[in-house]
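Written below as C-alpha cells is the structure these notes are about.
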Amino acid sequence: MNRQLRCIQCDNVYPLDDRRLRCSCGGLLDVHLDLEQHASSAELVSEFARRTSSDAPCDQSGVWRFRELVLDLPANELVTFPEGRTNLYALDPAPFGLSALWAKHEGENPTGSFKDRGMTVAVSWALHRSARALICASTGNTSAALAAYGARAHLPVFVLIPNGKIALGKLSQALAYGARTMQIDGDFDDAMRAVEQLAASHDLTLVNSLNPFRLEGQKTIILDCFMQLGASLPDWIVVPGGNLGNTSAFGKALIEMKALGLLSTVPRLAVIQAEGAAPFARAAERAFSHLEPIHPETIATAIRIGNPVNYSKAVRSITFTHGVVTTVTDAQILIAKHELDRQAIGCEPASAATLAGLRRLTSEGIIGRGQSALLILTGSLLKDPETTMALASGHVANLGIALSPELDACANPPRLVPSDAETIFDIIREELS
Ligand SMILES: *Cc1c(COP(=O)(O)O)cnc(C)c1O
C-alpha cells in the first residue's frame, strides 16, 4: 500500500522516509495510507484470520499480522518478539447495566504494556533507515519497551525519565535491558520537550508517540479486538489518556476501518484521565478551543502528563467517533484496580482508570443501559509493585490518598505467624468459618 507522511493540520505531504518530526507548519504528521489501492474488506479479514495459525514470526505477531494496515517491511527486517498476542477477557456486564463488557489486557505484551505494539514498528523502521541511536522521554513503560526493542536491534538507547515518580517495575526493566537512563530535573513534559529538541537537531531517532510509526503499531489494539470479537467491535471503547497516543491511534484505526468497509457503525471512544492530570478533559469542556498545559499530579504515573503531544490527533479521534473525555479520582482508580486485581486480571493504576471511568459514565447515563463496552488495560500489575503493596497493606496514605472505608476494604496484608502447623491450621480454620 502506498504511504506518505501527511500533516493533519495543512495536508502538506512528505516522503515516508523524511526525517522531520513535524510539518513545517508545526502540525503533527500521520503515516497516510492510500486505502483506494486495497483488497476487499472480506479478503483482508480472512487473511488476518489465516495468519493466526501460521508459524512465521510476522504472522504470530499481533502487530505484523495486520501489516497491510501497519507498514510494509521485509519480514527479515522486523524487530519482533512477537508482541501483541494479548487476551480479551469477558467481564460481568450486569453491575453496569451493559449487554457485554470485555477487557483487552495489553499488559500481557512482552515488556508488560501496549508500548510494545508501537515500539516494534518504530524500531523496525528506525533499523531499516539505519538509525544511529534511539531516544525517548518516558513515564516508564516507553523506556522499558524501547530498551527491549533497542537491545534486540543492537541499537544504542537513551531514555529521559522524570525525577522520581517512576514505577519500579518499569525503571528496573530499562536498566536491565541496558538503556542509558537519565533522570532529569523535571517532569515528563520537560523530558518530552528536551527529547524533541535533541532529535530535531542531532542524529537521534525519537520514538515517543510523536513518531507516527508508533501509532501505526498501536492501531492494532483495535484490529486485534475486532478479530477476537468475530469481525465486530462494541459500542464503546474505553482507554486511559496520557500523552494521547492510543487515543490518536484508535481514532486513526477506526477512520481507516470505516473507509475500508470493515465497520458499518463506528464505536465511540471514551478517554479517561486522572482528575489531577486532565488537560484533555478540560479542553473537551471548552469544546477543544485550545489546550491549556497543566502541572500534573496523580498516583497513575503512566498518565501523569500535563501537555500531551498528540492533542490535535486526539481531538480528531473524539470528533470522528463522537467520543467523550472524563476524569476519575486517584481513590476511584485504586478501587477499580482492586476489583480487576481480585478477578486475577490485574493491572497498573493507569489501566484501572478505564473501569473507574466506565463506572462514572454508566452512572451518568452517558454509556447507556444495554450497550456494550471494551476496556483497554494498558499495563501489567507487576509494573507498579509499590502501589499494589500500599493498597494491600492499607497504607494508601503513603501515596497521599485519604483512607476511606472502601479503600480500607482493599487491604490484604501478610500476617506474621509462628511456624508450627497447629497454630497455622487454627488460623486457616478461623478464616474458613
Ligand atoms: C503510556 C501509557 C498510558 C498512556 O497512554 P497514551 O497513549 O500516552 O495516552 C496509559 N497506561 C499505560 C500503562 C501506559 O504505559
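Simple scheme: letters A, B, ... for chains in C-alpha cells order, numbers from 1 for residues in each chain, numbers from 1 for ligands in the order shown.
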
Exercise for the section: Using only C-alpha atoms and all ligand atoms, determine which residues fall within 8 Å of ligand 1, then list them as a PyMOL selection string. Expected result: chain A and resi 107+113-115+139-142+209+239-248+302-303+308+348-351+377-380

**All alpha helix (DSSP H) positions in stretch 127-204 of chain A, as a ChimeraX atom specification** = /A:127-128,141-153,168-176,188-201

Mind checking which residues fall within 7 Å of stretch 152-161 of chain A, counting only C-alpha atoms, ignoring those fewer than 6 positions away in the same chain, and posting them as an mmCIF file with N, CA and C atoms, in the first residue's frame?
data_model
loop_
_atom_site.group_PDB
_atom_site.id
_atom_site.type_symbol
_atom_site.label_atom_id
_atom_site.label_comp_id
_atom_site.auth_asym_id
_atom_site.auth_seq_id
_atom_site.Cartn_x
_atom_site.Cartn_y
_atom_site.Cartn_z
ATOM 1 N N VAL A 79 11.863 -6.178 13.892
ATOM 2 C CA VAL A 79 12.330 -6.381 15.258
ATOM 3 C C VAL A 79 11.079 -6.743 16.060
ATOM 4 N N ALA A 133 21.069 5.998 16.802
ATOM 5 C CA ALA A 133 20.700 5.796 18.208
ATOM 6 C C ALA A 133 19.243 6.194 18.403
ATOM 7 N N LEU A 134 18.607 5.598 19.417
ATOM 8 C CA LEU A 134 17.187 5.822 19.689
ATOM 9 C C LEU A 134 17.026 6.570 21.011
ATOM 10 N N ILE A 135 16.040 7.459 21.050
ATOM 11 C CA ILE A 135 15.845 8.237 22.274
ATOM 12 C C ILE A 135 14.365 8.430 22.553
ATOM 13 N N CYS A 136 14.012 8.460 23.839
ATOM 14 C CA CYS A 136 12.617 8.771 24.212
ATOM 15 C C CYS A 136 12.573 9.447 25.568
ATOM 16 N N ALA A 137 11.463 10.142 25.792
ATOM 17 C CA ALA A 137 11.089 10.584 27.136
ATOM 18 C C ALA A 137 10.067 9.583 27.604
ATOM 19 N N SER A 138 10.007 9.343 28.919
ATOM 20 C CA SER A 138 9.116 8.268 29.343
ATOM 21 C C SER A 138 8.640 8.435 30.770
ATOM 22 N N THR A 139 7.375 8.057 31.001
ATOM 23 C CA THR A 139 6.901 7.917 32.385
ATOM 24 C C THR A 139 7.249 6.510 32.880
ATOM 25 N N SER A 143 10.134 3.599 28.076
ATOM 26 C CA SER A 143 11.566 3.305 28.233
ATOM 27 C C SER A 143 11.806 1.801 28.344
ATOM 28 N N ALA A 179 19.420 0.235 28.692
ATOM 29 C CA ALA A 179 19.202 1.607 28.221
ATOM 30 C C ALA A 179 20.026 2.586 29.050
ATOM 31 N N ARG A 180 20.633 3.549 28.376
ATOM 32 C CA ARG A 180 21.323 4.615 29.104
ATOM 33 C C ARG A 180 20.239 5.543 29.608
ATOM 34 N N THR A 181 20.084 5.557 30.925
ATOM 35 C CA THR A 181 18.929 6.207 31.535
ATOM 36 C C THR A 181 19.332 7.489 32.248
ATOM 37 N N MET A 182 18.661 8.575 31.895
ATOM 38 C CA MET A 182 18.948 9.860 32.530
ATOM 39 C C MET A 182 17.707 10.367 33.227
ATOM 40 N N GLN A 183 17.834 10.540 34.535
ATOM 41 C CA GLN A 183 16.715 11.046 35.316
ATOM 42 C C GLN A 183 16.859 12.562 35.342
ATOM 43 N N ILE A 184 15.896 13.264 34.761
ATOM 44 C CA ILE A 184 16.063 14.709 34.625
ATOM 45 C C ILE A 184 15.449 15.447 35.808
ATOM 46 N N PHE A 188 7.633 14.725 33.193
ATOM 47 C CA PHE A 188 7.600 14.101 31.877
ATOM 48 C C PHE A 188 7.565 15.146 30.761
ATOM 49 N N ALA A 191 10.892 16.440 30.015
ATOM 50 C CA ALA A 191 11.683 15.419 29.323
ATOM 51 C C ALA A 191 11.277 15.342 27.850
#

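With only C-alpha atoms as the atoms that count, the residue of A:Leu358, A:Ile428, A:Leu21, A:Leu91 with the shortest distance to A:Ala344 is A:Leu91.
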
For A:Leu334: contacts at 10 Å, only C-alpha atoms, fewer than 2 positions along chain excluded, given as a CSV table (one decimal) with N, CA, C and O atoms, in the first residue's frame:
chain,number,residue,atom,x,y,z
A,299,ILE,N,-1.4,9.4,41.2
A,299,ILE,CA,-0.7,8.1,41.5
A,299,ILE,C,-0.5,7.3,40.2
A,299,ILE,O,0.3,6.4,40.2
A,300,ALA,N,-1.4,7.5,39.2
A,300,ALA,CA,-1.3,6.7,38.0
A,300,ALA,C,-0.2,7.3,37.1
A,300,ALA,O,-0.4,8.1,36.2
A,329,THR,N,-11.0,10.1,40.1
A,329,THR,CA,-10.0,10.5,41.2
A,329,THR,C,-9.1,9.3,41.4
A,329,THR,O,-9.3,8.2,41.0
A,330,ASP,N,-8.0,9.6,42.1
A,330,ASP,CA,-7.0,8.6,42.4
A,330,ASP,C,-7.6,7.5,43.3
A,330,ASP,O,-7.3,6.3,43.1
A,331,ALA,N,-8.5,7.9,44.2
A,331,ALA,CA,-9.1,6.9,45.1
A,331,ALA,C,-10.0,5.9,44.2
A,331,ALA,O,-10.0,4.7,44.4
A,332,GLN,N,-10.7,6.5,43.2
A,332,GLN,CA,-11.5,5.7,42.3
A,332,GLN,C,-10.7,4.7,41.5
A,332,GLN,O,-11.1,3.6,41.2
A,336,ALA,N,-11.0,0.6,41.6
A,336,ALA,CA,-11.1,-0.1,40.3
A,336,ALA,C,-10.0,-1.1,40.1
A,336,ALA,O,-10.2,-2.2,39.6
A,337,LYS,N,-8.8,-0.7,40.5
A,337,LYS,CA,-7.6,-1.6,40.3
A,337,LYS,C,-7.8,-2.8,41.2
A,337,LYS,O,-7.6,-4.0,40.8
A,338,HIS,N,-8.3,-2.6,42.4
A,338,HIS,CA,-8.6,-3.7,43.4
A,338,HIS,C,-9.6,-4.7,42.8
A,338,HIS,O,-9.4,-5.9,42.8
A,339,GLU,N,-10.6,-4.1,42.1
A,339,GLU,CA,-11.7,-5.0,41.5
A,339,GLU,C,-11.1,-5.9,40.4
A,339,GLU,O,-11.4,-7.0,40.3
A,340,LEU,N,-10.2,-5.3,39.6
A,340,LEU,CA,-9.6,-6.0,38.5
A,340,LEU,C,-8.6,-7.0,39.0
A,340,LEU,O,-8.5,-8.2,38.6
A,348,GLU,N,-1.8,-2.1,36.2
A,348,GLU,CA,-1.3,-1.0,36.9
A,348,GLU,C,-2.3,0.1,37.0
A,348,GLU,O,-3.4,0.1,36.3
A,349,PRO,N,-2.1,1.1,37.9
A,349,PRO,CA,-3.2,2.1,38.2
A,349,PRO,C,-3.7,2.8,36.9
A,349,PRO,O,-5.0,2.9,36.8
A,350,ALA,N,-2.9,3.2,36.0
A,350,ALA,CA,-3.4,4.0,34.8
A,350,ALA,C,-4.5,3.1,34.1
A,350,ALA,O,-5.5,3.7,33.6
A,352,ALA,N,-6.5,0.9,35.3
A,352,ALA,CA,-7.7,0.7,36.1
A,352,ALA,C,-8.6,2.0,36.0
A,352,ALA,O,-9.8,1.9,36.3
A,353,ALA,N,-8.0,3.1,35.5
A,353,ALA,CA,-8.8,4.3,35.3
A,353,ALA,C,-9.9,4.0,34.3
A,353,ALA,O,-11.0,4.6,34.4
A,356,ALA,N,-12.9,2.6,36.4
A,356,ALA,CA,-13.4,3.7,37.1
A,356,ALA,C,-14.2,4.7,36.2
A,356,ALA,O,-15.3,5.1,36.6
A,387,THR,N,2.6,0.6,44.5
A,387,THR,CA,1.2,0.9,44.6
A,387,THR,C,0.3,-0.3,45.1
A,387,THR,O,-0.5,-0.2,45.9
A,388,THR,N,0.6,-1.4,44.4
A,388,THR,CA,-0.1,-2.6,44.8
A,388,THR,C,0.1,-2.9,46.3
A,388,THR,O,-0.8,-3.3,47.0
A,391,LEU,N,-1.7,-0.5,48.7
A,391,LEU,CA,-3.2,-0.8,48.7
A,391,LEU,C,-3.4,-2.1,49.5
A,391,LEU,O,-4.3,-2.1,50.4
A,396,VAL,N,-2.4,3.4,51.9
A,396,VAL,CA,-2.6,4.3,50.8
A,396,VAL,C,-2.3,5.8,51.2
A,396,VAL,O,-2.0,6.6,50.3
A,401,ILE,N,-3.1,9.6,49.6
A,401,ILE,CA,-4.6,9.4,49.5
A,401,ILE,C,-5.2,9.2,50.8
A,401,ILE,O,-4.7,8.3,51.6
A,406,GLU,N,-13.9,2.2,51.9
A,406,GLU,CA,-13.8,1.4,50.7
A,406,GLU,C,-12.4,1.0,50.4
A,406,GLU,O,-12.1,-0.1,49.9
A,407,LEU,N,-11.5,2.0,50.6
A,407,LEU,CA,-10.1,1.6,50.3
A,407,LEU,C,-9.5,0.7,51.4
A,407,LEU,O,-8.7,-0.2,51.1
A,410,CYS,N,-9.9,-2.9,50.7
A,410,CYS,CA,-9.0,-3.5,49.7
A,410,CYS,C,-7.8,-4.1,50.3
A,410,CYS,O,-7.0,-4.8,49.7

Spatial neighbours of A:Asp187, max dist 9 Å, only C-alpha atoms, sep filter under 5 positions, as a VMD selection string | chain A and resid 139 161 to 165 192 295 to 296 304 to 305

I want to know what sits within 9 Å of A:Leu210, based on only C-alpha atoms, with residues of the same chain fewer than 5 positions away left out; could you give that as an mmCIF file with N, CA and C atoms, in the first residue's frame?
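Saved result, around_20.cif, follows:
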data_model
loop_
_atom_site.group_PDB
_atom_site.id
_atom_site.type_symbol
_atom_site.label_atom_id
_atom_site.label_comp_id
_atom_site.auth_asym_id
_atom_site.auth_seq_id
_atom_site.Cartn_x
_atom_site.Cartn_y
_atom_site.Cartn_z
ATOM 1 N N LEU A 21 10.126 15.617 12.336
ATOM 2 C CA LEU A 21 9.219 15.178 13.393
ATOM 3 C C LEU A 21 7.848 15.813 13.263
ATOM 4 N N ARG A 22 7.830 17.020 12.651
ATOM 5 C CA ARG A 22 6.574 17.745 12.460
ATOM 6 C C ARG A 22 6.571 18.366 11.080
ATOM 7 N N LEU A 28 1.133 18.004 13.484
ATOM 8 C CA LEU A 28 1.541 16.605 13.658
ATOM 9 C C LEU A 28 1.462 15.873 12.329
ATOM 10 N N LEU A 29 2.340 14.903 12.146
ATOM 11 C CA LEU A 29 2.360 14.109 10.914
ATOM 12 C C LEU A 29 1.713 12.741 11.126
ATOM 13 N N GLU A 196 12.504 16.135 22.068
ATOM 14 C CA GLU A 196 12.100 16.639 20.748
ATOM 15 C C GLU A 196 13.178 17.577 20.197
ATOM 16 N N LEU A 215 2.270 5.008 16.289
ATOM 17 C CA LEU A 215 0.803 4.956 16.282
ATOM 18 C C LEU A 215 0.283 3.920 15.287
ATOM 19 N N GLY A 245 -1.450 9.061 22.758
ATOM 20 C CA GLY A 245 -1.021 8.263 21.610
ATOM 21 C C GLY A 245 -2.076 7.226 21.244
ATOM 22 N N VAL A 309 1.447 15.589 23.724
ATOM 23 C CA VAL A 309 1.929 15.983 22.378
ATOM 24 C C VAL A 309 0.941 15.637 21.272
ATOM 25 N N ASN A 310 0.119 14.611 21.481
ATOM 26 C CA ASN A 310 -0.780 14.187 20.392
ATOM 27 C C ASN A 310 -2.143 14.873 20.432
#

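Atom CA of A:Val325 sits 18.6 Å away from atom CA of A:Ala253.
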
Which residues of stretch 350-388 of chain A come within 12 Å of stretch 226-231 of chain A, and what is each one's closest atom pair and distance in Å (one decimal), counting only C-alpha atoms, sorted by chain and residue number, as a tab-separated table?
residue	atom	partner	partner_atom	distance
A:Ser372	CA	A:Leu229	CA	11.9
A:Ala373	CA	A:Leu229	CA	11.9
A:Leu374	CA	A:Leu229	CA	10.6

Produce a file of the selected residues containing N, CA, C and O atoms, as a compact mmCIF listing (two decimals), in the first residue's frame.
# COMPACT_ATOMS: atom_id res chain seq x y z
N SER A 372 -22.67 -2.11 24.85
CA SER A 372 -21.52 -2.97 25.11
C SER A 372 -20.26 -2.11 25.17
O SER A 372 -20.21 -1.04 24.55
N ALA A 373 -19.27 -2.57 25.93
CA ALA A 373 -18.05 -1.77 26.10
C ALA A 373 -16.81 -2.65 26.21
O ALA A 373 -16.89 -3.82 26.61
N LEU A 374 -15.71 -2.04 25.83
CA LEU A 374 -14.40 -2.71 25.85
C LEU A 374 -13.43 -1.81 26.60
O LEU A 374 -13.27 -0.64 26.26

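Neighbouring residues of A:Ile367 at 10 Å or closer, counting only C-alpha atoms and skipping chain neighbours under 6 positions away, are Phe96, Gly97, Leu98, Asp235, Trp236, Arg268, Ala270, Val324, Leu358, Arg359, Arg360, Leu361 and Ala373 of chain A.
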
Go ahead and save the picked residues with N, CA and C atoms, as an mmCIF file, in the first residue's frame.
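Result written to part_24.cif:
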data_model
loop_
_atom_site.group_PDB
_atom_site.id
_atom_site.type_symbol
_atom_site.label_atom_id
_atom_site.label_comp_id
_atom_site.auth_asym_id
_atom_site.auth_seq_id
_atom_site.Cartn_x
_atom_site.Cartn_y
_atom_site.Cartn_z
ATOM 1 N N PHE A 96 -23.088 -2.891 35.565
ATOM 2 C CA PHE A 96 -23.068 -1.616 34.835
ATOM 3 C C PHE A 96 -24.295 -1.459 33.937
ATOM 4 N N GLY A 97 -25.175 -2.467 33.952
ATOM 5 C CA GLY A 97 -26.358 -2.414 33.098
ATOM 6 C C GLY A 97 -26.025 -2.559 31.623
ATOM 7 N N LEU A 98 -24.857 -3.163 31.348
ATOM 8 C CA LEU A 98 -24.435 -3.319 29.952
ATOM 9 C C LEU A 98 -24.851 -4.684 29.415
ATOM 10 N N ASP A 235 -20.014 -1.053 21.319
ATOM 11 C CA ASP A 235 -20.490 0.333 21.195
ATOM 12 C C ASP A 235 -19.464 1.344 21.704
ATOM 13 N N TRP A 236 -18.721 0.956 22.747
ATOM 14 C CA TRP A 236 -17.777 1.879 23.374
ATOM 15 C C TRP A 236 -16.402 1.245 23.543
ATOM 16 N N ARG A 268 -17.783 4.393 19.859
ATOM 17 C CA ARG A 268 -17.425 5.686 20.447
ATOM 18 C C ARG A 268 -16.257 5.507 21.408
ATOM 19 N N ALA A 270 -14.157 6.527 24.705
ATOM 20 C CA ALA A 270 -14.256 7.222 25.991
ATOM 21 C C ALA A 270 -12.847 7.287 26.561
ATOM 22 N N VAL A 324 -16.150 10.806 24.137
ATOM 23 C CA VAL A 324 -16.241 11.638 25.336
ATOM 24 C C VAL A 324 -14.913 11.556 26.098
ATOM 25 N N LEU A 358 -15.594 3.867 33.337
ATOM 26 C CA LEU A 358 -16.822 3.182 32.905
ATOM 27 C C LEU A 358 -17.913 3.353 33.957
ATOM 28 N N ARG A 359 -17.502 3.214 35.226
ATOM 29 C CA ARG A 359 -18.470 3.352 36.318
ATOM 30 C C ARG A 359 -19.079 4.753 36.283
ATOM 31 N N ARG A 360 -18.225 5.755 36.129
ATOM 32 C CA ARG A 360 -18.734 7.128 36.094
ATOM 33 C C ARG A 360 -19.664 7.342 34.893
ATOM 34 N N LEU A 361 -19.248 6.892 33.730
ATOM 35 C CA LEU A 361 -20.026 7.162 32.507
ATOM 36 C C LEU A 361 -21.346 6.391 32.473
ATOM 37 N N ALA A 373 -19.266 -2.570 25.929
ATOM 38 C CA ALA A 373 -18.054 -1.767 26.100
ATOM 39 C C ALA A 373 -16.814 -2.646 26.209
#

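Every residue of stretch 23-201 of chain A with a DSSP assignment of strand (DSSP E), taken from the backbone, is listed as Leu29, Asp30, Val31, His32, Leu33, Leu88, Tyr89, Ala90, Leu91, Ala100, Leu101, Trp102, Ala103, Lys104, His105, Leu134, Ile135, Cys136, Ala137, Val157, Phe158, Val159, Leu160, Ile161, Arg180, Thr181, Met182 and Gln183 of chain A.
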
For A:Ala49, the closest of A:Asp185, A:Asp190, A:Asp224, A:Glu422 counting only C-alpha atoms is A:Asp224

Of A:Val266, A:Leu206, A:Ile8, A:Ala145, the one nearest to A:Arg316 when counting only C-alpha atoms is A:Ile8
